[in-house]
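S.K.: Pasting query-v1.json here (JSON, C-alpha atoms):
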[["chain", "number", "residue", "atom", "x", "y", "z"],
["A", 1, "MET", "CA", 152.66, 105.34, 175.97],
["A", 2, "THR", "CA", 150.34, 104.35, 173.11],
["A", 3, "PRO", "CA", 149.96, 100.65, 172.25],
["A", 4, "LEU", "CA", 151.84, 101.17, 169.00],
["A", 5, "ALA", "CA", 154.72, 102.95, 170.73],
["A", 6, "SER", "CA", 154.83, 100.17, 173.32],
["A", 7, "LEU", "CA", 154.97, 97.53, 170.58],
["A", 8, "GLN", "CA", 157.74, 99.45, 168.84],
["A", 9, "THR", "CA", 159.70, 99.31, 172.09],
["A", 10, "ASP", "CA", 158.96, 95.69, 172.96],
["A", 11, "ARG", "CA", 159.14, 94.40, 169.35],
["A", 12, "VAL", "CA", 157.82, 90.88, 170.06],
["A", 13, "ILE", "CA", 154.34, 89.35, 170.35],
["A", 14, "ALA", "CA", 154.17, 85.78, 171.64],
["A", 15, "VAL", "CA", 151.43, 83.88, 169.77],
["A", 16, "VAL", "CA", 150.06, 81.01, 171.84],
["A", 17, "ARG", "CA", 148.41, 78.07, 170.10],
["A", 18, "ALA", "CA", 148.03, 75.12, 172.43],
["A", 19, "PRO", "CA", 145.49, 72.35, 173.09],
["A", 20, "SER", "CA", 145.36, 73.48, 176.72],
["A", 21, "ILE", "CA", 146.72, 76.24, 178.93],
["A", 22, "PRO", "CA", 146.85, 75.23, 182.61],
["A", 23, "ASP", "CA", 147.56, 78.73, 183.96],
["A", 24, "ALA", "CA", 147.35, 81.71, 181.61],
["A", 25, "PRO", "CA", 148.69, 84.30, 184.10],
["A", 26, "ALA", "CA", 151.67, 82.06, 184.87],
["A", 27, "LEU", "CA", 152.34, 81.66, 181.15],
["A", 28, "CYS", "CA", 152.30, 85.43, 180.64],
["A", 29, "ALA", "CA", 154.56, 85.90, 183.66],
["A", 30, "ALA", "CA", 157.02, 83.35, 182.26],
["A", 31, "LEU", "CA", 157.10, 85.18, 178.93],
["A", 32, "ALA", "CA", 157.55, 88.55, 180.65],
["A", 33, "ALA", "CA", 160.45, 87.13, 182.69],
["A", 34, "GLY", "CA", 162.10, 86.38, 179.37],
["A", 35, "GLY", "CA", 161.41, 89.88, 178.01],
["A", 36, "ILE", "CA", 158.17, 89.32, 176.04],
["A", 37, "ARG", "CA", 155.34, 91.45, 177.40],
["A", 38, "TRP", "CA", 152.79, 91.08, 174.58],
["A", 39, "THR", "CA", 150.86, 87.81, 174.52],
["A", 40, "GLU", "CA", 148.33, 86.85, 171.86],
["A", 41, "PHE", "CA", 145.95, 84.01, 172.64],
["A", 42, "THR", "CA", 144.05, 82.67, 169.66],
["A", 43, "TYR", "CA", 140.59, 81.42, 168.88],
["A", 44, "THR", "CA", 142.17, 78.10, 167.86],
["A", 45, "THR", "CA", 142.77, 77.44, 171.57],
["A", 46, "PRO", "CA", 139.85, 75.98, 173.55],
["A", 47, "ASP", "CA", 138.23, 78.28, 176.11],
["A", 48, "VAL", "CA", 140.32, 81.23, 174.94],
["A", 49, "THR", "CA", 138.11, 83.89, 176.53],
["A", 50, "SER", "CA", 138.64, 82.34, 179.96],
["A", 51, "HIS", "CA", 142.41, 82.48, 179.47],
["A", 52, "LEU", "CA", 142.16, 86.10, 178.34],
["A", 53, "ARG", "CA", 140.08, 87.04, 181.35],
["A", 54, "HIS", "CA", 142.41, 85.44, 183.90],
["A", 55, "ALA", "CA", 145.57, 86.89, 182.34],
["A", 56, "ALA", "CA", 144.08, 90.38, 181.95],
["A", 57, "GLN", "CA", 142.85, 90.38, 185.54],
["A", 58, "ALA", "CA", 146.40, 89.54, 186.62],
["A", 59, "GLY", "CA", 147.61, 92.70, 184.86],
["A", 60, "HIS", "CA", 149.19, 91.24, 181.73],
["A", 61, "ARG", "CA", 148.94, 92.80, 178.26],
["A", 62, "VAL", "CA", 146.97, 90.23, 176.30],
["A", 63, "GLY", "CA", 145.22, 90.21, 172.97],
["A", 64, "VAL", "CA", 143.28, 87.71, 170.94],
["A", 65, "GLY", "CA", 144.14, 86.49, 167.47],
["A", 66, "THR", "CA", 142.69, 84.47, 164.61],
["A", 67, "VAL", "CA", 139.70, 86.82, 164.94],
["A", 68, "LEU", "CA", 137.41, 86.26, 161.97],
["A", 69, "THR", "CA", 134.09, 87.86, 162.98],
["A", 70, "ALA", "CA", 132.78, 90.91, 164.79],
["A", 71, "GLU", "CA", 131.21, 88.61, 167.38],
["A", 72, "GLN", "CA", 134.61, 87.08, 168.18],
["A", 73, "ALA", "CA", 136.13, 90.56, 168.40],
["A", 74, "GLU", "CA", 133.47, 91.70, 170.84],
["A", 75, "ARG", "CA", 133.80, 88.57, 173.00],
["A", 76, "GLY", "CA", 137.56, 88.98, 173.10],
["A", 77, "VAL", "CA", 137.39, 92.62, 174.16],
["A", 78, "ALA", "CA", 134.77, 91.80, 176.80],
["A", 79, "ALA", "CA", 137.15, 89.17, 178.20],
["A", 80, "GLY", "CA", 139.99, 91.67, 178.51],
["A", 81, "ALA", "CA", 141.81, 91.66, 175.17],
["A", 82, "SER", "CA", 143.67, 94.95, 174.72],
["A", 83, "PHE", "CA", 144.38, 94.29, 171.03],
["A", 84, "LEU", "CA", 142.97, 92.16, 168.22],
["A", 85, "VAL", "CA", 144.78, 90.29, 165.45],
["A", 86, "THR", "CA", 143.36, 88.82, 162.24],
["A", 87, "PRO", "CA", 144.95, 86.45, 159.69],
["A", 88, "GLY", "CA", 143.64, 88.57, 156.79],
["A", 89, "CYS", "CA", 141.74, 91.77, 156.04],
["A", 90, "ARG", "CA", 138.47, 91.48, 157.98],
["A", 91, "PRO", "CA", 136.33, 94.62, 157.62],
["A", 92, "GLU", "CA", 133.79, 93.62, 160.26],
["A", 93, "VAL", "CA", 136.56, 92.95, 162.79],
["A", 94, "ALA", "CA", 138.13, 96.33, 162.02],
["A", 95, "ALA", "CA", 134.75, 98.01, 162.57],
["A", 96, "ALA", "CA", 134.21, 96.18, 165.86],
["A", 97, "ALA", "CA", 137.69, 97.16, 167.04],
["A", 98, "LYS", "CA", 137.05, 100.80, 166.19],
["A", 99, "GLY", "CA", 133.74, 100.71, 168.04],
["A", 100, "ALA", "CA", 135.43, 99.25, 171.12],
["A", 101, "GLY", "CA", 138.40, 101.62, 170.95],
["A", 102, "VAL", "CA", 140.84, 98.71, 170.72],
["A", 103, "PRO", "CA", 143.75, 98.58, 168.23],
["A", 104, "VAL", "CA", 143.58, 95.90, 165.56],
["A", 105, "VAL", "CA", 146.45, 94.31, 163.66],
["A", 106, "LEU", "CA", 145.04, 93.20, 160.31],
["A", 107, "GLY", "CA", 146.68, 90.43, 158.32],
["A", 108, "ALA", "CA", 147.88, 90.99, 154.75],
["A", 109, "LEU", "CA", 150.42, 89.67, 152.28],
["A", 110, "THR", "CA", 150.28, 91.65, 149.04],
["A", 111, "PRO", "CA", 150.80, 95.40, 148.59],
["A", 112, "THR", "CA", 147.11, 95.72, 147.69],
["A", 113, "GLU", "CA", 146.11, 93.99, 150.92],
["A", 114, "VAL", "CA", 148.43, 96.24, 152.93],
["A", 115, "ALA", "CA", 146.67, 99.28, 151.46],
["A", 116, "ARG", "CA", 143.27, 97.78, 152.29],
["A", 117, "ALA", "CA", 144.32, 97.09, 155.87],
["A", 118, "VAL", "CA", 145.44, 100.70, 156.25],
["A", 119, "ASP", "CA", 142.15, 101.94, 154.79],
["A", 120, "LEU", "CA", 140.27, 99.78, 157.31],
["A", 121, "GLY", "CA", 142.08, 101.50, 160.18],
["A", 122, "ALA", "CA", 144.68, 98.92, 161.17],
["A", 123, "ALA", "CA", 147.03, 100.08, 163.92],
["A", 124, "ALA", "CA", 149.62, 97.82, 162.29],
["A", 125, "VAL", "CA", 149.61, 95.34, 159.42],
["A", 126, "LYS", "CA", 150.65, 91.75, 160.00],
["A", 127, "ILE", "CA", 152.47, 90.28, 157.01],
["A", 128, "PHE", "CA", 151.51, 86.61, 157.02],
["A", 129, "PRO", "CA", 153.04, 84.21, 156.26],
["A", 130, "ALA", "CA", 156.29, 86.18, 156.48],
["A", 131, "ARG", "CA", 158.37, 83.15, 155.57],
["A", 132, "ALA", "CA", 156.73, 83.07, 152.13],
["A", 133, "PHE", "CA", 158.82, 86.03, 150.93],
["A", 134, "GLY", "CA", 161.43, 86.42, 153.64],
["A", 135, "PRO", "CA", 162.92, 89.46, 155.41],
["A", 136, "GLY", "CA", 163.76, 91.26, 152.16],
["A", 137, "TYR", "CA", 160.06, 91.59, 151.41],
["A", 138, "PHE", "CA", 159.74, 94.03, 154.31],
["A", 139, "ARG", "CA", 162.41, 96.25, 152.78],
["A", 140, "ASP", "CA", 160.48, 96.15, 149.50],
["A", 141, "LEU", "CA", 157.21, 97.11, 151.19],
["A", 142, "ARG", "CA", 158.92, 100.02, 152.90],
["A", 143, "GLY", "CA", 159.29, 101.66, 149.48],
["A", 144, "PRO", "CA", 155.60, 102.36, 148.80],
["A", 145, "TYR", "CA", 154.56, 102.19, 152.47],
["A", 146, "PRO", "CA", 157.31, 103.92, 154.50],
["A", 147, "GLY", "CA", 154.98, 104.93, 157.31],
["A", 148, "VAL", "CA", 152.97, 101.70, 157.72],
["A", 149, "PRO", "CA", 153.87, 99.67, 160.84],
["A", 150, "LEU", "CA", 154.51, 96.09, 159.66],
["A", 151, "VAL", "CA", 154.58, 92.98, 161.85],
["A", 152, "ALA", "CA", 156.24, 89.77, 160.66],
["A", 153, "SER", "CA", 154.29, 86.61, 161.46],
["A", 154, "GLY", "CA", 154.66, 83.00, 160.35],
["A", 155, "GLY", "CA", 158.03, 81.27, 160.26],
["A", 156, "VAL", "CA", 159.80, 83.78, 162.50],
["A", 157, "ASN", "CA", 162.31, 82.30, 164.94],
["A", 158, "ALA", "CA", 165.37, 83.24, 166.96],
["A", 159, "GLY", "CA", 167.54, 82.59, 163.92],
["A", 160, "ASN", "CA", 165.85, 85.11, 161.62],
["A", 161, "ALA", "CA", 163.93, 87.55, 163.84],
["A", 162, "ALA", "CA", 166.72, 90.13, 163.85],
["A", 163, "GLU", "CA", 166.82, 90.10, 160.05],
["A", 164, "PHE", "CA", 163.06, 90.77, 159.80],
["A", 165, "LEU", "CA", 163.46, 93.67, 162.21],
["A", 166, "GLY", "CA", 166.52, 94.95, 160.42],
["A", 167, "GLN", "CA", 164.71, 94.93, 157.08],
["A", 168, "GLY", "CA", 161.87, 97.11, 158.34],
["A", 169, "ALA", "CA", 159.45, 95.11, 160.51],
["A", 170, "LEU", "CA", 158.19, 97.10, 163.49],
["A", 171, "ALA", "CA", 157.78, 93.87, 165.46],
["A", 172, "VAL", "CA", 157.76, 90.11, 165.03],
["A", 173, "CYS", "CA", 155.48, 87.34, 166.22],
["A", 174, "ALA", "CA", 157.07, 84.48, 168.15],
["A", 175, "GLY", "CA", 155.17, 81.22, 167.83],
["A", 176, "THR", "CA", 156.25, 77.67, 168.54],
["A", 177, "ASP", "CA", 159.89, 78.73, 168.73],
["A", 178, "VAL", "CA", 159.03, 80.35, 172.09],
["A", 179, "VAL", "CA", 155.73, 78.73, 173.13],
["A", 180, "PRO", "CA", 155.74, 75.09, 171.94],
["A", 181, "PRO", "CA", 152.27, 73.62, 172.56],
["A", 182, "GLU", "CA", 153.68, 70.73, 174.57],
["A", 183, "ALA", "CA", 155.61, 73.06, 176.91],
["A", 184, "VAL", "CA", 152.53, 75.24, 177.39],
["A", 185, "ALA", "CA", 150.27, 72.26, 178.10],
["A", 186, "ALA", "CA", 152.82, 70.87, 180.57],
["A", 187, "GLY", "CA", 153.16, 74.21, 182.36],
["A", 188, "ASP", "CA", 156.92, 74.22, 181.84],
["A", 189, "TRP", "CA", 157.28, 77.91, 182.62],
["A", 190, "ALA", "CA", 161.05, 77.76, 183.16],
["A", 191, "GLU", "CA", 161.53, 76.43, 179.62],
["A", 192, "ILE", "CA", 159.26, 79.10, 178.18],
["A", 193, "THR", "CA", 161.20, 81.83, 180.01],
["A", 194, "ARG", "CA", 164.43, 80.38, 178.64],
["A", 195, "ARG", "CA", 163.05, 80.38, 175.10],
["A", 196, "ALA", "CA", 161.64, 83.89, 175.45],
["A", 197, "ARG", "CA", 164.97, 85.22, 176.70],
["A", 198, "ALA", "CA", 166.85, 83.57, 173.83],
["A", 199, "PHE", "CA", 164.40, 85.06, 171.34],
["A", 200, "THR", "CA", 164.56, 88.60, 172.73],
["A", 201, "GLU", "CA", 168.35, 88.45, 172.93],
["A", 202, "ALA", "CA", 168.41, 87.44, 169.27],
["A", 203, "CYS", "CA", 166.12, 90.37, 168.42],
["A", 204, "GLY", "CA", 168.56, 92.68, 170.16],
["A", 205, "LYS", "CA", 171.04, 92.02, 167.36],
["A", 206, "ALA", "CA", 168.80, 93.84, 164.85]]
Let me see whether you can do it: turn the structure in this file into structure tokens.

M.R.:
Amino acid sequence: MTPLASLQTDRVIAVVRAPSIPDAPALCAALAAGGIRWTEFTYTTPDVTSHLRHAAQAGHRVGVGTVLTAEQAERGVAAGASFLVTPGCRPEVAAAAKGAGVPVVLGALTPTEVARAVDLGAAAVKIFPARAFGPGYFRDLRGPYPGVPLVASGGVNAGNAAEFLGQGALAVCAGTDVVPPEAVAAGDWAEITRRARAFTEACGKA
């Protein structure tokens, strides 16, 4: 199964932003127990490449986000990232991803930016911040871009995830609604599994 087909099946990426992560493989396992098998660590988290390496070595599907430069992209891939995510259209990151043979999800908001992300070779386009225009914006984008895989990120929670999916998002990003920084830092894996399960169950209503 291709990464894109897998994402279309799984439909959720957990985005982890935390001041510390005591055990990255355990965090990924807790998310997977709740039905979320895609985990994005970000460059806003200290020592992110170490977390990537440990989780990837344990067999989890992990990527790295908030990638702004080619150097960050290359470091992330070397540490085991199987996908890259950017907050906006970053040509040098797209080029680095292509060179490494790793899919990249490029961030965009406007129709023009969506087209640019596609031209740069994005495997999917992350609409960020999704809350700025709401779920209906994905239906609107489907008009001119019916074949572009769109991912909703920013302000997505268990209460609205199904609506984003129902309006045309291929997948959604789950942030603090599933991985609150304090729960991650405390290693409260049972709570994170509970939150992940609640989120995926809500997505099932799409």

S.K.: Go through A:Thr66, A:Cys28, A:Glu163, A:Gln8 and flag the residue nearest Thr44 of chain A, using all atoms listed in the file for the distances.

M.R.: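 Selected residue with least distance to Thr44 of chain A: A:Thr66.
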
S.K.: Residues near segment 121-136 of chain A, anyone? I mean within 7 Å using all atoms listed in the file, not counting same-chain ones fewer than 5 positions away, as a list in words.

M.R.: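 Near segment 121-136 of chain A, the qualifying residues are Ala94, Pro103, Val104, Val105, Leu106, Gly107, Ala108, Leu109, Val114, Val148, Pro149, Leu150, Val151, Ala152, Ser153, Gly154, Gly155, Glu163, Phe164 and Gln167 of chain A.
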
S.K.: Excluding Arg195 of chain A and any residue of its chain fewer than 6 positions from it, enumerate the residues within 9 Å of it, using all atoms listed in the file, and give them as a PyMOL selection string.

M.R.: chain A and resi 31+34+158+177-179

S.K.: Could the centre and edge lengths of an axis-aligned box, enclosing all atoms of segment 82-85 of chain A in the file with 4 Å extra on each side, be given in Å to one decimal as lines of an AutoDock Vina configuration file?

M.R.:
center_x = 143.9
center_y = 92.6
center_z = 170.1
size_x = 9.8
size_y = 12.7
size_z = 17.3

S.K.: Restricting the calculation to only C-alpha atoms, which member of A:Ala18, A:Ala26, A:Leu68, A:Ile36 is positioned closest to Val48 of chain A?

M.R.: A:Ala18

S.K.: Could you state the separation of atom CA of Ile21 of chain A and atom CA of Pro181 of chain A in Å, given to one decimal place?

M.R.: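 Distance between the two atoms: 8.8 Å.
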
S.K.: Please report the interatomic distance between atom CA of Ala58 of chain A and atom CA of Ala96 of chain A in Å with one decimal.

M.R.: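 Separation of atom CA of Ala58 of chain A and atom CA of Ala96 of chain A: 25.0 Å.
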
S.K.: Find the residues near Gly168 of chain A: any atom within 7 Å, counting all atoms listed in the file, skip ones fewer than 3 places away on the same chain, and give them as an mmCIF file with C-alpha atoms, keeping the file's coordinate frame.

M.R.:
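Saved as out.cif:
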data_model
loop_
_atom_site.group_PDB
_atom_site.id
_atom_site.type_symbol
_atom_site.label_atom_id
_atom_site.label_comp_id
_atom_site.auth_asym_id
_atom_site.auth_seq_id
_atom_site.Cartn_x
_atom_site.Cartn_y
_atom_site.Cartn_z
ATOM 1 C CA PHE A 138 159.740 94.030 154.310
ATOM 2 C CA ARG A 139 162.410 96.250 152.780
ATOM 3 C CA ARG A 142 158.920 100.020 152.900
ATOM 4 C CA PHE A 164 163.060 90.770 159.800
ATOM 5 C CA LEU A 165 163.460 93.670 162.210
#

S.K.: If I take atom CA of Ala117 of chain A and atom CA of Gly166 of chain A, how far is one from the other in Å, to one decimal?

M.R.: 22.8 Å

S.K.: Using all atoms listed in the file, what residues lie at most 12 Å away from (169.7, 94.6, 168.6) (file coordinates), given as a list of chain:residue names?

M.R.: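 With a cut-off of 12 Å, the residues come to A:Thr9, A:Asp10, A:Arg11, A:Ala161, A:Ala162, A:Glu163, A:Phe164, A:Leu165, A:Gly166, A:Phe199, A:Thr200, A:Glu201, A:Ala202, A:Cys203, A:Gly204, A:Lys205, A:Ala206.
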
S.K.: List the spatial neighbours of Trp189 of chain A as a tab-separated table (two decimals) with C-alpha atoms, keeping the file's coordinate frame - criterion: any atom at most 12 Å away, only C-alpha atoms, same-chain residues fewer than 2 positions off excluded.

M.R.:
chain	number	residue	atom	x	y	z
A	21	ILE	CA	146.72	76.24	178.93
A	22	PRO	CA	146.85	75.23	182.61
A	23	ASP	CA	147.56	78.73	183.96
A	24	ALA	CA	147.35	81.71	181.61
A	25	PRO	CA	148.69	84.30	184.10
A	26	ALA	CA	151.67	82.06	184.87
A	27	LEU	CA	152.34	81.66	181.15
A	28	CYS	CA	152.30	85.43	180.64
A	29	ALA	CA	154.56	85.90	183.66
A	30	ALA	CA	157.02	83.35	182.26
A	31	LEU	CA	157.10	85.18	178.93
A	32	ALA	CA	157.55	88.55	180.65
A	33	ALA	CA	160.45	87.13	182.69
A	34	GLY	CA	162.10	86.38	179.37
A	178	VAL	CA	159.03	80.35	172.09
A	179	VAL	CA	155.73	78.73	173.13
A	180	PRO	CA	155.74	75.09	171.94
A	182	GLU	CA	153.68	70.73	174.57
A	183	ALA	CA	155.61	73.06	176.91
A	184	VAL	CA	152.53	75.24	177.39
A	185	ALA	CA	150.27	72.26	178.10
A	186	ALA	CA	152.82	70.87	180.57
A	187	GLY	CA	153.16	74.21	182.36
A	191	GLU	CA	161.53	76.43	179.62
A	192	ILE	CA	159.26	79.10	178.18
A	193	THR	CA	161.20	81.83	180.01
A	194	ARG	CA	164.43	80.38	178.64
A	195	ARG	CA	163.05	80.38	175.10
A	196	ALA	CA	161.64	83.89	175.45

S.K.: Using all atoms listed in the file, determine which residues lie at most 8 Å from Leu52 of chain A, disregarding the query and same-chain residues fewer than 3 positions distant; provide the list as a PyMOL selection string.

M.R.: chain A and resi 24+41+48-49+55-56+62-64+76+79-81

S.K.: Let me see the file: selected residues, C-alpha atoms, as a compact mmCIF listing (two decimals), in the coordinates of the input.

M.R.:
# COMPACT_ATOMS: atom_id res chain seq x y z
CA ALA A 24 147.35 81.71 181.61
CA PHE A 41 145.95 84.01 172.64
CA VAL A 48 140.32 81.23 174.94
CA THR A 49 138.11 83.89 176.53
CA ALA A 55 145.57 86.89 182.34
CA ALA A 56 144.08 90.38 181.95
CA VAL A 62 146.97 90.23 176.30
CA GLY A 63 145.22 90.21 172.97
CA VAL A 64 143.28 87.71 170.94
CA GLY A 76 137.56 88.98 173.10
CA ALA A 79 137.15 89.17 178.20
CA GLY A 80 139.99 91.67 178.51
CA ALA A 81 141.81 91.66 175.17

S.K.: Do you know which residues lie at most 9 Å from (132.7, 92.6, 159.7), with coordinates as in the file and all atoms listed in the file counted, and could you write them as an mmCIF file with C-alpha atoms, in the frame of the given file?

M.R.:
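Once everything was written out, this is part_19.cif:
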data_model
loop_
_atom_site.group_PDB
_atom_site.id
_atom_site.type_symbol
_atom_site.label_atom_id
_atom_site.label_comp_id
_atom_site.auth_asym_id
_atom_site.auth_seq_id
_atom_site.Cartn_x
_atom_site.Cartn_y
_atom_site.Cartn_z
ATOM 1 C CA LEU A 68 137.410 86.260 161.970
ATOM 2 C CA THR A 69 134.090 87.860 162.980
ATOM 3 C CA ALA A 70 132.780 90.910 164.790
ATOM 4 C CA GLU A 71 131.210 88.610 167.380
ATOM 5 C CA ARG A 90 138.470 91.480 157.980
ATOM 6 C CA PRO A 91 136.330 94.620 157.620
ATOM 7 C CA GLU A 92 133.790 93.620 160.260
ATOM 8 C CA VAL A 93 136.560 92.950 162.790
ATOM 9 C CA ALA A 94 138.130 96.330 162.020
ATOM 10 C CA ALA A 95 134.750 98.010 162.570
ATOM 11 C CA ALA A 96 134.210 96.180 165.860
#

S.K.: Point out the residue among A:His51, A:His60, A:Arg116, A:Arg17 with the least atom-to-atom distance to Gly88 of chain A, counting all atoms listed in the file.

M.R.: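 Smallest distance to Gly88 of chain A is found for A:Arg116.
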
S.K.: Reconstruct N, CA, C and O atoms of segment 130-144 of chain A from the incomplete input and present them as a compact mmCIF listing (two decimals), in the coordinates of the input.

M.R.:
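File part.txt, as written:
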# COMPACT_ATOMS: atom_id res chain seq x y z
N ALA A 130 155.07 85.43 156.78
CA ALA A 130 156.29 86.18 156.48
C ALA A 130 157.34 85.30 155.81
O ALA A 130 158.13 85.77 155.00
N ARG A 131 157.35 84.02 156.15
CA ARG A 131 158.37 83.15 155.57
C ARG A 131 158.19 82.97 154.06
O ARG A 131 159.13 82.58 153.37
N ALA A 132 157.00 83.27 153.55
CA ALA A 132 156.73 83.07 152.13
C ALA A 132 157.64 83.92 151.25
O ALA A 132 158.02 83.50 150.16
N PHE A 133 157.98 85.13 151.72
CA PHE A 133 158.82 86.03 150.93
C PHE A 133 160.11 86.41 151.63
O PHE A 133 161.02 86.96 151.00
N GLY A 134 160.20 86.16 152.92
CA GLY A 134 161.43 86.42 153.64
C GLY A 134 161.61 87.86 154.10
O GLY A 134 160.82 88.75 153.76
N PRO A 135 162.68 88.12 154.86
CA PRO A 135 162.92 89.46 155.41
C PRO A 135 163.03 90.55 154.36
O PRO A 135 162.59 91.68 154.59
N GLY A 136 163.58 90.24 153.19
CA GLY A 136 163.76 91.26 152.16
C GLY A 136 162.45 91.85 151.68
O GLY A 136 162.42 93.00 151.19
N TYR A 137 161.37 91.10 151.84
CA TYR A 137 160.06 91.59 151.41
C TYR A 137 159.65 92.82 152.21
O TYR A 137 158.96 93.71 151.70
N PHE A 138 160.08 92.88 153.47
CA PHE A 138 159.74 94.03 154.31
C PHE A 138 160.47 95.28 153.83
O PHE A 138 159.92 96.38 153.86
N ARG A 139 161.70 95.12 153.37
CA ARG A 139 162.41 96.25 152.78
C ARG A 139 161.69 96.73 151.52
O ARG A 139 161.55 97.94 151.30
N ASP A 140 161.20 95.78 150.72
CA ASP A 140 160.48 96.15 149.50
C ASP A 140 159.19 96.90 149.82
O ASP A 140 158.86 97.90 149.16
N LEU A 141 158.47 96.44 150.83
CA LEU A 141 157.21 97.11 151.19
C LEU A 141 157.44 98.50 151.76
O LEU A 141 156.57 99.37 151.67
N ARG A 142 158.60 98.71 152.35
CA ARG A 142 158.92 100.02 152.90
C ARG A 142 158.97 101.09 151.81
O ARG A 142 158.79 102.27 152.09
N GLY A 143 159.25 100.69 150.56
CA GLY A 143 159.29 101.66 149.48
C GLY A 143 157.98 102.39 149.30
O GLY A 143 157.90 103.61 149.49
N PRO A 144 156.88 101.68 148.98
CA PRO A 144 155.60 102.36 148.80
C PRO A 144 154.89 102.69 150.11
O PRO A 144 154.02 103.54 150.14
